[in-house]
>>> print(open('query_26.txt').read())   # compact mmCIF, C-alpha atoms
# COMPACT_ATOMS: atom_id res chain seq x y z
CA MET A 1 -4.36 5.67 28.30
CA LYS A 2 -2.89 9.10 28.97
CA LYS A 3 -2.09 9.54 25.29
CA ILE A 4 -5.59 8.61 24.19
CA LEU A 5 -7.06 11.04 26.70
CA THR A 6 -4.84 13.85 25.42
CA LEU A 7 -5.83 13.03 21.85
CA ILE A 8 -9.53 13.10 22.69
CA ILE A 9 -9.20 16.43 24.52
CA THR A 10 -7.24 17.98 21.65
CA LEU A 11 -9.79 16.80 19.09
CA THR A 12 -12.68 18.11 21.18
CA VAL A 13 -11.06 21.52 21.55
CA PHE A 14 -10.30 21.57 17.81
CA PHE A 15 -13.81 20.66 16.74
CA SER A 16 -15.59 22.86 19.26
CA GLY A 17 -14.00 25.83 17.48
CA CYS A 18 -15.49 24.75 14.16
CA ALA A 19 -19.05 25.21 13.11
CA ILE A 20 -19.67 22.48 10.58
CA SER A 21 -22.75 22.85 8.42
CA SER A 22 -23.96 21.10 5.32
CA VAL A 23 -24.26 22.91 1.99
CA GLU A 24 -28.05 23.35 2.23
CA ASP A 25 -27.85 24.56 5.82
CA TYR A 26 -25.22 27.11 4.87
CA TYR A 27 -27.22 28.59 2.02
CA ASN A 28 -30.56 28.47 3.83
CA SER A 29 -29.36 29.93 7.11
CA THR A 30 -30.79 33.39 7.55
CA GLU A 31 -29.04 35.84 9.79
CA ALA A 32 -30.43 39.02 11.21
CA LYS A 33 -30.14 41.51 8.37
CA GLY A 34 -29.83 45.22 8.78
CA ASP A 35 -31.69 47.91 6.92
CA LYS A 36 -28.87 49.43 4.90
CA ALA A 37 -29.51 48.71 1.22
CA VAL A 38 -26.37 48.35 -0.88
CA SER A 39 -26.27 47.27 -4.50
CA ILE A 40 -23.39 45.10 -5.64
CA SER A 41 -22.15 43.85 -8.98
CA ILE A 42 -19.24 41.53 -9.81
CA ASN A 43 -17.57 41.78 -13.18
CA CYS A 44 -14.63 40.07 -14.85
CA GLN A 45 -14.73 41.37 -18.44
CA THR A 46 -10.94 41.80 -18.39
CA ALA A 47 -10.49 38.09 -17.76
CA VAL A 48 -12.76 37.30 -20.71
CA ASP A 49 -10.67 39.54 -22.98
CA TYR A 50 -7.44 38.03 -21.71
CA PRO A 51 -5.63 35.86 -24.31
CA ASN A 52 -6.40 32.11 -24.13
CA SER A 53 -9.19 32.76 -21.68
CA LYS A 54 -11.64 29.96 -20.89
CA ARG A 55 -14.30 32.40 -19.70
CA ASP A 56 -17.03 33.62 -22.02
CA ASN A 57 -19.24 35.56 -19.64
CA GLY A 58 -17.82 38.58 -17.87
CA LYS A 59 -20.88 39.23 -15.74
CA ILE A 60 -20.72 37.15 -12.56
CA LEU A 61 -23.32 39.16 -10.69
CA GLY A 62 -25.15 42.12 -12.14
CA GLY A 63 -26.89 44.60 -9.87
CA CYS A 64 -28.01 42.76 -6.75
CA GLN A 65 -29.57 44.52 -3.77
CA VAL A 66 -28.22 43.38 -0.39
CA TYR A 67 -29.40 44.42 3.06
CA VAL A 68 -26.69 44.68 5.69
CA ASP A 69 -26.38 45.97 9.21
CA GLU A 70 -24.92 49.19 10.60
CA ASN A 71 -21.19 48.41 10.64
CA ALA A 72 -21.10 46.31 7.49
CA THR A 73 -18.06 46.67 5.26
CA VAL A 74 -17.52 46.13 1.55
CA PHE A 75 -16.34 42.62 2.34
CA ASP A 76 -19.51 41.82 4.31
CA VAL A 77 -21.57 42.98 1.35
CA LEU A 78 -19.61 40.66 -0.96
CA LYS A 79 -19.94 37.74 1.44
CA GLU A 80 -23.69 38.26 1.81
CA ALA A 81 -24.22 38.62 -1.94
CA CYS A 82 -22.17 35.48 -2.65
CA LYS A 83 -24.20 33.54 -0.09
CA ILE A 84 -27.53 34.67 -1.53
CA ASN A 85 -26.54 33.98 -5.13
CA LYS A 86 -24.54 30.82 -4.34
CA ILE A 87 -21.32 32.16 -5.84
CA GLN A 88 -18.03 30.62 -4.78
CA MET A 89 -15.73 33.05 -2.94
CA ASP A 90 -12.36 32.50 -1.34
CA TYR A 91 -10.50 34.82 0.99
CA GLU A 92 -7.69 34.69 3.48
CA GLY A 93 -7.02 36.61 6.67
CA SER A 94 -9.42 37.85 9.29
CA GLY A 95 -10.39 41.01 11.07
CA ASN A 96 -9.36 44.15 9.21
CA SER A 97 -6.89 42.41 6.94
CA VAL A 98 -9.07 40.29 4.71
CA TYR A 99 -7.84 39.61 1.21
CA VAL A 100 -10.22 38.30 -1.45
CA LYS A 101 -8.31 35.70 -3.45
CA GLY A 102 -10.96 34.55 -5.84
CA ILE A 103 -14.60 34.87 -6.81
CA ASP A 104 -16.47 32.32 -8.93
CA TYR A 105 -13.34 30.14 -9.41
CA LEU A 106 -11.48 33.12 -10.90
CA TYR A 107 -8.41 33.62 -8.73
CA GLU A 108 -5.61 36.12 -8.37
CA PHE A 109 -2.76 35.47 -10.84
CA ASP A 110 -5.07 33.52 -13.16
CA CYS A 111 -4.56 36.18 -15.86
CA GLY A 112 -0.92 37.15 -15.43
CA ASP A 113 1.18 38.28 -12.50
CA LEU A 114 -0.70 41.57 -12.06
CA SER A 115 -4.20 40.15 -11.91
CA GLY A 116 -6.61 40.05 -9.00
CA TRP A 117 -9.83 41.44 -7.56
CA GLN A 118 -10.42 45.11 -6.73
CA TYR A 119 -13.46 46.96 -5.47
CA SER A 120 -14.93 50.37 -6.06
CA VAL A 121 -17.63 52.19 -4.11
CA ASN A 122 -19.76 54.60 -6.13
CA ASP A 123 -17.28 54.23 -9.03
CA LYS A 124 -14.36 55.37 -6.91
CA PHE A 125 -11.44 53.15 -5.90
CA TYR A 126 -10.13 53.28 -2.35
CA SER A 127 -6.73 52.26 -1.00
CA VAL A 128 -8.00 50.49 2.09
CA GLY A 129 -8.79 46.85 2.68
CA SER A 130 -12.30 45.73 1.81
CA ASN A 131 -13.03 44.86 5.42
CA SER A 132 -12.05 48.36 6.63
CA PHE A 133 -14.40 50.32 4.37
CA ILE A 134 -17.83 50.79 5.94
CA VAL A 135 -20.60 51.19 3.38
CA GLN A 136 -23.41 53.72 3.55
CA ASP A 137 -27.05 53.25 2.72
CA GLY A 138 -27.58 53.41 -1.04
CA ASP A 139 -23.96 52.82 -2.02
CA THR A 140 -23.02 50.94 -5.15
CA VAL A 141 -20.24 48.41 -4.69
CA ARG A 142 -18.49 46.93 -7.69
CA TRP A 143 -15.99 44.09 -7.57
CA ILE A 144 -13.91 44.12 -10.74
CA TYR A 145 -11.22 41.77 -11.94
CA THR A 146 -8.04 43.39 -13.20
CA CYS A 147 -5.24 41.91 -15.29
CA ASP A 148 -2.93 44.91 -14.93
CA LEU A 149 -2.95 46.08 -11.30
CA GLY A 150 -5.99 48.27 -11.91
CA GLU A 151 -4.75 50.12 -15.02
CA ASP A 152 -7.25 48.36 -17.29
CA ILE A 153 -10.28 49.11 -15.11
CA GLY A 154 -9.55 52.78 -14.47
CA ASN A 155 -7.80 52.52 -11.12
CA HIS A 156 -4.59 54.30 -12.05
CA PHE A 157 -1.79 53.95 -9.58
CA GLY A 158 -1.05 57.16 -7.68
CA ASP A 159 -4.39 58.87 -8.33
CA MET B 1 22.91 -13.86 -8.44
CA ASN B 2 22.64 -10.92 -10.75
CA THR B 3 20.56 -8.08 -9.33
CA PHE B 4 19.40 -4.68 -10.41
CA LYS B 5 22.20 -3.24 -8.29
CA ASN B 6 24.84 -4.84 -10.49
CA PHE B 7 24.05 -2.69 -13.48
CA HIS B 8 26.54 -0.08 -14.54
CA PRO B 9 26.20 3.13 -12.46
CA VAL B 10 25.46 5.18 -15.56
CA THR B 11 22.51 2.97 -16.47
CA LEU B 12 21.20 3.12 -12.91
CA ALA B 13 21.67 6.89 -12.70
CA CYS B 14 19.74 7.32 -15.95
CA TYR B 15 16.92 5.12 -14.63
CA TYR B 16 16.48 7.25 -11.51
CA LEU B 17 16.89 10.46 -13.50
CA PHE B 18 14.04 9.36 -15.78
CA MET B 19 11.83 8.43 -12.85
CA PHE B 20 12.43 11.71 -11.02
CA LEU B 21 11.96 13.78 -14.17
CA ILE B 22 8.57 12.23 -14.90
CA SER B 23 7.47 12.62 -11.29
CA MET B 24 8.52 16.26 -11.35
CA PHE B 25 6.76 17.35 -14.50
CA THR B 26 3.36 15.79 -14.12
CA PHE B 27 0.52 15.89 -11.67
CA ASN B 28 -1.31 12.84 -12.88
CA PRO B 29 -2.21 10.34 -10.15
CA VAL B 30 -1.87 7.44 -12.58
CA TYR B 31 1.83 8.17 -12.95
CA PHE B 32 2.24 8.54 -9.18
CA CYS B 33 0.41 5.28 -8.52
CA SER B 34 2.51 3.26 -10.94
CA GLY B 35 5.74 4.85 -9.71
CA PHE B 36 4.74 4.16 -6.12
CA ILE B 37 3.82 0.51 -6.79
CA GLY B 38 7.08 -0.09 -8.65
CA ALA B 39 9.25 1.44 -5.94
CA LEU B 40 7.28 -0.24 -3.14
CA LEU B 41 7.64 -3.69 -4.70
CA PHE B 42 11.35 -3.17 -5.26
CA VAL B 43 11.93 -1.91 -1.71
CA SER B 44 9.96 -4.78 -0.18
CA LEU B 45 12.03 -7.28 -2.18
CA ASN B 46 15.34 -6.02 -0.75
CA LYS B 47 16.46 -6.62 2.79
CA GLU B 48 18.22 -3.24 2.94
CA GLY B 49 14.87 -1.49 2.50
CA LYS B 50 13.81 -2.58 6.01
CA PHE B 51 10.30 -2.79 4.69
CA SER B 52 7.55 -3.70 7.12
CA PHE B 53 3.82 -3.16 7.27
CA LYS B 54 4.36 -1.20 10.45
CA SER B 55 6.41 1.37 8.56
CA MET B 56 3.64 1.59 5.97
CA ILE B 57 1.26 2.85 8.67
CA GLY B 58 3.48 5.91 9.12
CA TYR B 59 3.38 6.63 5.41
CA PHE B 60 -0.37 6.17 5.37
CA ILE B 61 -0.76 8.68 8.21
CA LEU B 62 1.41 11.14 6.28
CA PHE B 63 -0.78 10.62 3.21
CA VAL B 64 -3.99 11.20 5.18
CA LEU B 65 -2.56 14.31 6.87
CA ILE B 66 -1.58 15.90 3.56
CA SER B 67 -4.94 14.99 2.02
CA ILE B 68 -6.87 16.60 4.86
CA THR B 69 -4.69 19.68 5.12
CA ASN B 70 -5.13 20.83 1.53
CA PRO B 71 -8.94 21.31 1.57
CA LEU B 72 -8.64 23.18 4.88
CA PHE B 73 -6.55 25.86 3.17
CA SER B 74 -7.74 25.78 -0.42
CA HIS B 75 -11.43 26.51 -0.97
CA ASN B 76 -11.40 26.38 -4.74
CA GLY B 77 -13.57 23.83 -6.47
CA ALA B 78 -17.13 23.47 -7.73
CA THR B 79 -18.37 20.56 -5.59
CA SER B 80 -18.86 21.70 -2.00
CA LEU B 81 -19.03 18.90 0.53
CA PHE B 82 -19.74 20.96 3.64
CA PHE B 83 -18.85 24.23 5.32
CA ILE B 84 -16.53 24.82 8.27
CA ASN B 85 -16.86 28.31 9.76
CA ASP B 86 -18.32 29.62 6.49
CA ASN B 87 -15.42 28.17 4.49
CA ARG B 88 -16.32 25.55 1.96
CA ILE B 89 -14.56 22.20 1.91
CA THR B 90 -14.57 20.99 -1.65
CA LEU B 91 -14.17 17.60 -3.26
CA GLU B 92 -11.67 19.00 -5.78
CA ALA B 93 -9.35 20.29 -3.07
CA LEU B 94 -9.55 16.94 -1.30
CA VAL B 95 -8.64 15.05 -4.47
CA PHE B 96 -5.83 17.52 -5.14
CA GLY B 97 -4.52 16.91 -1.61
CA MET B 98 -4.68 13.17 -2.15
CA CYS B 99 -2.67 13.50 -5.36
CA LEU B 100 -0.15 15.66 -3.51
CA GLY B 101 0.18 13.07 -0.76
CA LEU B 102 0.56 10.30 -3.30
CA MET B 103 3.30 12.26 -5.07
CA ILE B 104 5.26 12.85 -1.86
CA ILE B 105 5.05 9.21 -0.84
CA GLU B 106 6.02 8.07 -4.33
CA VAL B 107 9.12 10.29 -4.30
CA LEU B 108 10.00 9.11 -0.77
CA PHE B 109 9.87 5.50 -1.93
CA LEU B 110 11.85 6.33 -5.06
CA PHE B 111 14.57 7.74 -2.80
CA LYS B 112 14.37 4.60 -0.68
CA SER B 113 15.02 2.42 -3.69
CA PHE B 114 17.71 4.89 -4.83
CA ASN B 115 19.44 4.46 -1.46
CA ILE B 116 19.32 0.68 -1.78
CA VAL B 117 20.80 0.69 -5.26
CA PHE B 118 23.37 3.46 -4.99
CA SER B 119 26.23 2.73 -2.65
CA SER B 120 28.66 5.57 -2.01
CA GLU B 121 31.15 3.72 -4.22
CA LYS B 122 28.83 4.11 -7.21
CA LEU B 123 28.17 7.78 -6.49
CA ILE B 124 31.88 8.48 -6.24
CA TYR B 125 32.41 6.57 -9.47
CA LEU B 126 29.79 8.70 -11.23
CA PHE B 127 30.94 12.09 -10.00
CA GLY B 128 34.42 11.41 -8.66
CA LYS B 129 36.42 12.13 -11.80
CA ARG B 130 34.67 15.18 -13.14
CA PHE B 131 33.12 16.72 -10.05
CA PRO B 132 35.08 15.28 -7.11
CA LYS B 133 33.69 17.75 -4.61
CA LEU B 134 30.07 17.37 -5.71
CA GLY B 135 30.33 13.59 -5.60
CA LEU B 136 31.77 13.68 -2.14
CA VAL B 137 29.09 16.08 -0.88
CA ILE B 138 26.24 13.98 -2.30
CA SER B 139 27.63 10.74 -0.95
CA MET B 140 28.38 12.22 2.46
CA SER B 141 25.05 13.95 2.86
CA LEU B 142 23.15 10.80 1.86
CA ASN B 143 25.18 8.87 4.38
CA PHE B 144 25.02 11.43 7.14
CA VAL B 145 21.59 10.87 8.67
CA PRO B 146 21.65 7.04 8.91
CA LYS B 147 25.19 7.18 10.28
CA PHE B 148 24.23 9.87 12.76
CA VAL B 149 21.18 7.96 13.97
CA LYS B 150 23.20 4.77 14.38
CA SER B 151 25.99 6.36 16.40
CA PHE B 152 23.44 8.32 18.42
CA ASN B 153 21.67 5.10 19.42
CA ASP B 154 24.98 3.55 20.44
CA VAL B 155 26.05 6.53 22.51
CA TYR B 156 22.62 6.90 24.06
CA ALA B 157 22.53 3.28 25.19
CA GLN B 158 25.93 3.76 26.76
CA GLN B 159 24.90 6.97 28.50
CA ARG B 160 21.78 5.39 29.91
CA TYR B 161 23.78 2.51 31.27
CA PHE B 162 26.53 4.47 32.95
CA SER B 163 24.46 7.26 34.44
CA ARG B 164 21.26 5.69 35.61
CA GLY B 165 20.32 8.44 38.02
CA GLN B 166 20.29 11.01 35.24
CA GLY B 167 17.08 12.25 33.71
CA ARG B 168 16.15 11.21 30.22
CA VAL B 169 16.43 14.73 28.75
CA ARG B 170 19.86 15.23 30.23
CA SER B 171 21.24 12.00 28.82
CA TYR B 172 19.67 12.83 25.44
CA LEU B 173 21.44 16.19 25.44
CA SER B 174 24.81 14.84 26.50
CA SER B 175 24.71 12.04 23.94
CA PHE B 176 23.70 14.54 21.28
CA SER B 177 26.74 16.69 22.02
CA VAL B 178 28.94 13.59 22.03
CA VAL B 179 27.69 12.54 18.60
CA ILE B 180 28.15 16.03 17.16
CA THR B 181 31.74 16.15 18.39
CA GLN B 182 32.32 12.67 17.07
CA SER B 183 31.01 13.48 13.61
CA LEU B 184 33.05 16.69 13.40
CA GLU B 185 36.16 14.77 14.34
CA ASN B 186 35.30 12.01 11.88
CA SER B 187 34.95 14.45 9.00
CA ILE B 188 38.46 15.82 9.63
CA THR B 189 39.93 12.33 9.80
CA LEU B 190 38.01 11.38 6.69
CA SER B 191 39.28 14.34 4.67
CA ASP B 192 42.87 13.70 5.75
CA SER B 193 42.58 10.05 4.90
CA MET B 194 41.01 10.74 1.51
CA LYS B 195 43.66 13.28 0.64
CA ALA B 196 46.37 10.78 1.58
CA ARG B 197 44.81 8.21 -0.75
CA GLY B 198 44.74 10.63 -3.64
CA TYR B 199 41.01 11.37 -3.92
CA GLY B 200 40.15 13.48 -6.95
CA LEU B 201 43.35 12.75 -8.82
CA LYS B 202 43.05 11.73 -12.47
CA PRO B 203 44.86 8.37 -12.48
CA ARG B 204 43.04 7.08 -9.40
CA SER B 205 41.30 3.75 -10.07
CA PHE B 206 38.37 2.04 -8.33
CA TYR B 207 38.05 -1.05 -6.27
CA ASN B 208 35.06 -2.17 -8.32
CA ASN B 209 35.65 -2.56 -12.01
CA PHE B 210 32.44 -1.22 -13.53
CA LYS B 211 32.08 -2.27 -17.13
CA PHE B 212 29.42 -1.04 -19.48
CA SER B 213 28.34 -4.35 -20.96
CA LEU B 214 26.00 -5.19 -23.81
CA TYR B 215 23.38 -6.03 -21.20
CA ASP B 216 23.63 -2.50 -19.82
CA GLY B 217 23.31 -1.09 -23.31
CA CYS B 218 20.15 -3.12 -24.01
CA TYR B 219 18.52 -2.05 -20.75
CA PHE B 220 19.55 1.54 -21.33
CA ILE B 221 17.83 1.53 -24.72
CA ILE B 222 14.67 -0.08 -23.27
CA MET B 223 14.58 2.53 -20.49
CA SER B 224 15.07 5.41 -22.89
CA VAL B 225 12.27 4.22 -25.19
CA LEU B 226 9.90 3.82 -22.24
CA PHE B 227 10.90 7.21 -20.90
CA ILE B 228 10.37 8.95 -24.23
CA LEU B 229 6.95 7.33 -24.64
CA SER B 230 5.81 8.36 -21.18
CA ALA B 231 7.28 11.85 -21.55
CA LEU B 232 5.47 12.31 -24.88
CA GLY B 233 2.13 11.93 -23.13
CA ILE B 234 3.09 14.78 -20.80
CA LEU B 235 4.60 17.00 -23.48
CA LEU B 236 1.64 16.65 -25.87
CA LYS B 237 -0.76 17.19 -22.96
CA SER B 238 -2.71 14.01 -23.61
CA THR B 239 -2.35 12.99 -19.97
CA GLU B 240 -3.10 16.44 -18.64
CA ILE B 241 -5.38 16.78 -15.65
CA THR B 242 -6.80 19.98 -14.16
CA PHE B 243 -8.39 20.10 -10.74
CA TYR B 244 -10.00 23.53 -10.45
CA PRO B 245 -12.84 24.36 -10.70
CA TYR B 246 -13.83 20.94 -12.01
CA ILE B 247 -11.67 17.82 -12.15
CA CYS B 248 -11.06 17.54 -15.84
CA ILE B 249 -9.18 14.61 -17.33
CA SER B 250 -8.30 14.85 -20.99
CA ASP B 251 -10.44 12.66 -23.25
CA PHE B 252 -9.58 9.05 -23.90
CA ASN B 253 -6.76 8.76 -26.40
CA TYR B 254 -4.31 6.05 -27.33
CA LEU B 255 -1.22 8.13 -26.64
CA ALA B 256 -2.26 8.53 -22.99
CA VAL B 257 -2.79 4.78 -22.62
CA ILE B 258 0.60 4.09 -24.20
CA SER B 259 2.23 6.63 -21.88
CA TYR B 260 0.61 5.15 -18.79
CA ILE B 261 1.59 1.60 -19.71
CA SER B 262 5.16 2.52 -20.62
CA PHE B 263 5.62 4.38 -17.36
CA LEU B 264 4.19 1.45 -15.43
CA ILE B 265 6.70 -0.87 -17.10
CA LEU B 266 9.50 1.65 -16.48
CA SER B 267 8.71 1.85 -12.77
CA LEU B 268 8.29 -1.92 -12.45
CA LEU B 269 11.55 -2.59 -14.29
CA PRO B 270 13.82 -3.07 -11.21
CA PHE B 271 11.25 -5.34 -9.58
CA LEU B 272 10.67 -7.40 -12.71
CA PHE B 273 14.40 -7.78 -13.27
CA GLN B 274 14.95 -8.91 -9.69
CA VAL B 275 12.09 -11.42 -9.89
CA LYS B 276 13.32 -12.76 -13.20
CA GLU B 277 16.85 -13.27 -11.86
CA GLY B 278 15.50 -14.79 -8.65
CA LEU B 279 13.47 -17.34 -10.58
CA LYS B 280 16.47 -18.15 -12.74
CA TRP B 281 18.55 -18.74 -9.59
CA LYS B 282 15.96 -21.01 -8.02
CA TYR B 283 15.50 -22.99 -11.19
CA SER B 284 19.24 -23.54 -11.64
CA ILE B 285 19.55 -24.83 -8.06
CA SER B 286 16.71 -27.28 -8.41
CA LYS B 287 18.38 -28.72 -11.49
CA ILE B 288 21.40 -29.67 -9.41
>>> encode(input="query_26.txt", output="structure tokens")
Amino acid sequence: MKKILTLIITLTVFFSGCAISSVEDYYNSTEAKGDKAVSISINCQTAVDYPNSKRDNGKILGGCQVYVDENATVFDVLKEACKINKIQMDYEGSGNSVYVKGIDYLYEFDCGDLSGWQYSVNDKFYSVGSNSFIVQDGDTVRWIYTCDLGEDIGNHFGD
Amino acid sequence: MNTFKNFHPVTLACYYLFMFLISMFTFNPVYFCSGFIGALLFVSLNKEGKFSFKSMIGYFILFVLISITNPLFSHNGATSLFFINDNRITLEALVFGMCLGLMIIEVLFLFKSFNIVFSSEKLIYLFGKRFPKLGLVISMSLNFVPKFVKSFNDVYAQQRYFSRGQGRVRSYLSSFSVVITQSLENSITLSDSMKARGYGLKPRSFYNNFKFSLYDGCYFIIMSVLFILSALGILLKSTEITFYPYICISDFNYLAVISYISFLILSLLPFLFQVKEGLKWKYSISKI
């Protein structure tokens, strides 16, 4: 009896921390949006050019306008854009240390050991995590896939 | 009665090597299923396996836990089932987790049947001449846990009896320290005793006289053919399966079917042999 009670309590605590929603609910849920307009594009041309690649379209998302609130970061913009356009996105970590593992089923290390996702704001690469960079109104965010630690997309190491 | 255990150690070692190799280099659930069924049937046929449906519940819980854990951490996959805290739970990750669980349980059961078949005598015979130390380490480490558990239970029962006022944790701790001391002492005695009996020396002979008979040769050839056929399906990628982003099984081809069937026969081989010999035994008794 005691064991069952403990089990029930544990399960309740576990599930009360989770917000479970169906697929339609997730995509249809509208949150309070801010008034900062940021345009975002997601590109993986390097993965298309990679040898033995199964991808034939490098443009995952081309020029989409997203409205976000005051303290929104590059990561929030990506999350919002992926939700609107129903693009798969996978990340790990929380708070300031969020790492984007994959977008649209294209993951880190899929094209060699040096591959992964990087972002640029107004065509400039920054050396901070995507959830630490706060975007301004009118910014252009680009998420680009690299196969060579940024060398092939113009993010030279040490610049 | 002739059993699968009575084969020559080399034949048996090759059988388990083949099984483990195939299980290592594929991620196809068909292979895992047939390997699991074969090992399960063989274990349930032998008394040493201590097989019971109660023990299967534990394995089933392990399988379910692994299956559930994978989709909680991997969000890859095209078919979303639902969202937990904005993280998608996908069908592909769930199926991948199920395959993973199946693989782990299959390998656990393979080791169970390996433990039934391989006595320490056979292991020492296999490795004793060329790698005496390796053989000893393998045989001792495989023996360690069951031996430890058995002596722990003995000591614990004793402790509980003699010191009834003591708390449970305290008697656990004291019996644990007793068993550790005992096993350390045993290992010293064992090494002295083995040295005195000339372990690792070239002219040392064995109590059992293992002979590689014609029967062994036949079974070895059958096993090798089955192994090569099932390995071909993996090498030529006709049984390949990819999970992300879509579950993609390679198109129907005859090589895959041949590979599946040959691996099923390979994994059922110990069971079939045991059943065949058992029937033979029964039949010969009824004639008398």
>>> closest_residue(input="query_26.txt", among="A:Leu11, A:Val135, A:Ile103, A:Ala72", to="chain B", atoms="all atoms listed in the file")
A:Ile103
>>> residues_around(input="query_26.txt", residues="B:Ser224", least_positions_apart="6", cutoff="9 Å", atoms="only C-alpha atoms", output="mmCIF file with C-alpha atoms, in the coordinates of the input")
data_model
loop_
_atom_site.group_PDB
_atom_site.id
_atom_site.type_symbol
_atom_site.label_atom_id
_atom_site.label_comp_id
_atom_site.auth_asym_id
_atom_site.auth_seq_id
_atom_site.Cartn_x
_atom_site.Cartn_y
_atom_site.Cartn_z
ATOM 1 C CA CYS B 14 19.740 7.320 -15.950
ATOM 2 C CA TYR B 15 16.920 5.120 -14.630
ATOM 3 C CA PHE B 18 14.040 9.360 -15.780
#
>>> atom_distance(input="query_26.txt", atom1="atom CA of B:Phe118", atom2="atom CA of B:Phe36")
18.7 Å
>>> interface_residues(input="query_26.txt", of="chain B", to="chain A", cutoff="6 Å", atoms="only C-alpha atoms", output="list in words")
Phe82, Phe83, Ile84, Asn85 and Pro245 of chain B
>>> closest_residue(input="query_26.txt", among="A:Val48, A:Ile60, A:Ala81, A:Val13", to="A:Asp110", atoms="all atoms listed in the file")
A:Val48
>>> residues_around(input="query_26.txt", residues="stretch 25-30 of chain B", least_positions_apart="5", cutoff="7 Å", atoms="only C-alpha atoms", output="PyMOL selection string")
chain B and resi 99+234+241
>>> write_last_selection(input="query_26.txt", atoms="C-alpha atoms", output="PDB file, in the frame of the given file")
ATOM      1  CA  CYS B  99      -2.670  13.500  -5.360  1.00  0.00           C
ATOM      2  CA  ILE B 234       3.090  14.780 -20.800  1.00  0.00           C
ATOM      3  CA  ILE B 241      -5.380  16.780 -15.650  1.00  0.00           C
TER       4      ILE B 241
END
>>> residues_around(input="query_26.txt", residues="stretch 208-218 of chain B", least_positions_apart="3", cutoff="8 Å", atoms="only C-alpha atoms", output="PyMOL selection string")
chain B and resi 7-9+11+221-222
>>> atom_distance(input="query_26.txt", atom1="atom CA of B:Val117", atom2="atom CA of B:Tyr31")
21.8 Å
>>> residues_around(input="query_26.txt", residues="A:Val128", least_positions_apart="6", cutoff="12 Å", atoms="only C-alpha atoms", output="list in words")
Thr73, Val74, Phe75, Asn96, Ser97, Val98, Tyr99, Gln118, Tyr119, Ser120, Val121 and Ile134 of chain A
>>> closest_residue(input="query_26.txt", among="B:Phe73, B:Tyr59, B:Tyr246, B:Phe32", to="B:Leu264", atoms="all atoms listed in the file")
B:Phe32
>>> closest_residue(input="query_26.txt", among="A:Cys111, A:Lys124, A:Gly34, A:Leu7", to="A:Asn52", atoms="all atoms listed in the file")
A:Cys111
>>> residues_around(input="query_26.txt", residues="B:Leu123", least_positions_apart="4", cutoff="7 Å", atoms="only C-alpha atoms", output="PDB file with C-alpha atoms, in the frame of the given file")
ATOM      1  CA  PHE B 118      23.370   3.460  -4.990  1.00  0.00           C
ATOM      2  CA  SER B 119      26.230   2.730  -2.650  1.00  0.00           C
ATOM      3  CA  PHE B 127      30.940  12.090 -10.000  1.00  0.00           C
ATOM      4  CA  GLY B 135      30.330  13.590  -5.600  1.00  0.00           C
ATOM      5  CA  SER B 139      27.630  10.740  -0.950  1.00  0.00           C
TER       6      SER B 139
END
>>> residues_near_point(input="query_26.txt", point="(-5.8, 19.5, 1.2)", cutoff="8 Å", atoms="all atoms listed in the file", output="PyMOL selection string")
chain B and resi 66-74+93-98
>>> atom_distance(input="query_26.txt", atom1="atom CA of A:Cys82", atom2="atom CA of A:Cys64")
10.2 Å
>>> residues_near_point(input="query_26.txt", point="(2.2, -0.4, -15.4)", cutoff="12 Å", atoms="all atoms listed in the file", output="PyMOL selection string")
chain B and resi 30-39+226+230+257-269+271-272
>>> closest_residue(input="query_26.txt", among="B:Leu201, B:Ile105, B:Leu100, B:Leu184", to="B:Phe131", atoms="only C-alpha atoms")
B:Leu201
>>> closest_residue(input="query_26.txt", among="A:Ser16, A:Thr140, A:Asn85, A:Ser29", to="A:Asp123", atoms="only C-alpha atoms")
A:Thr140
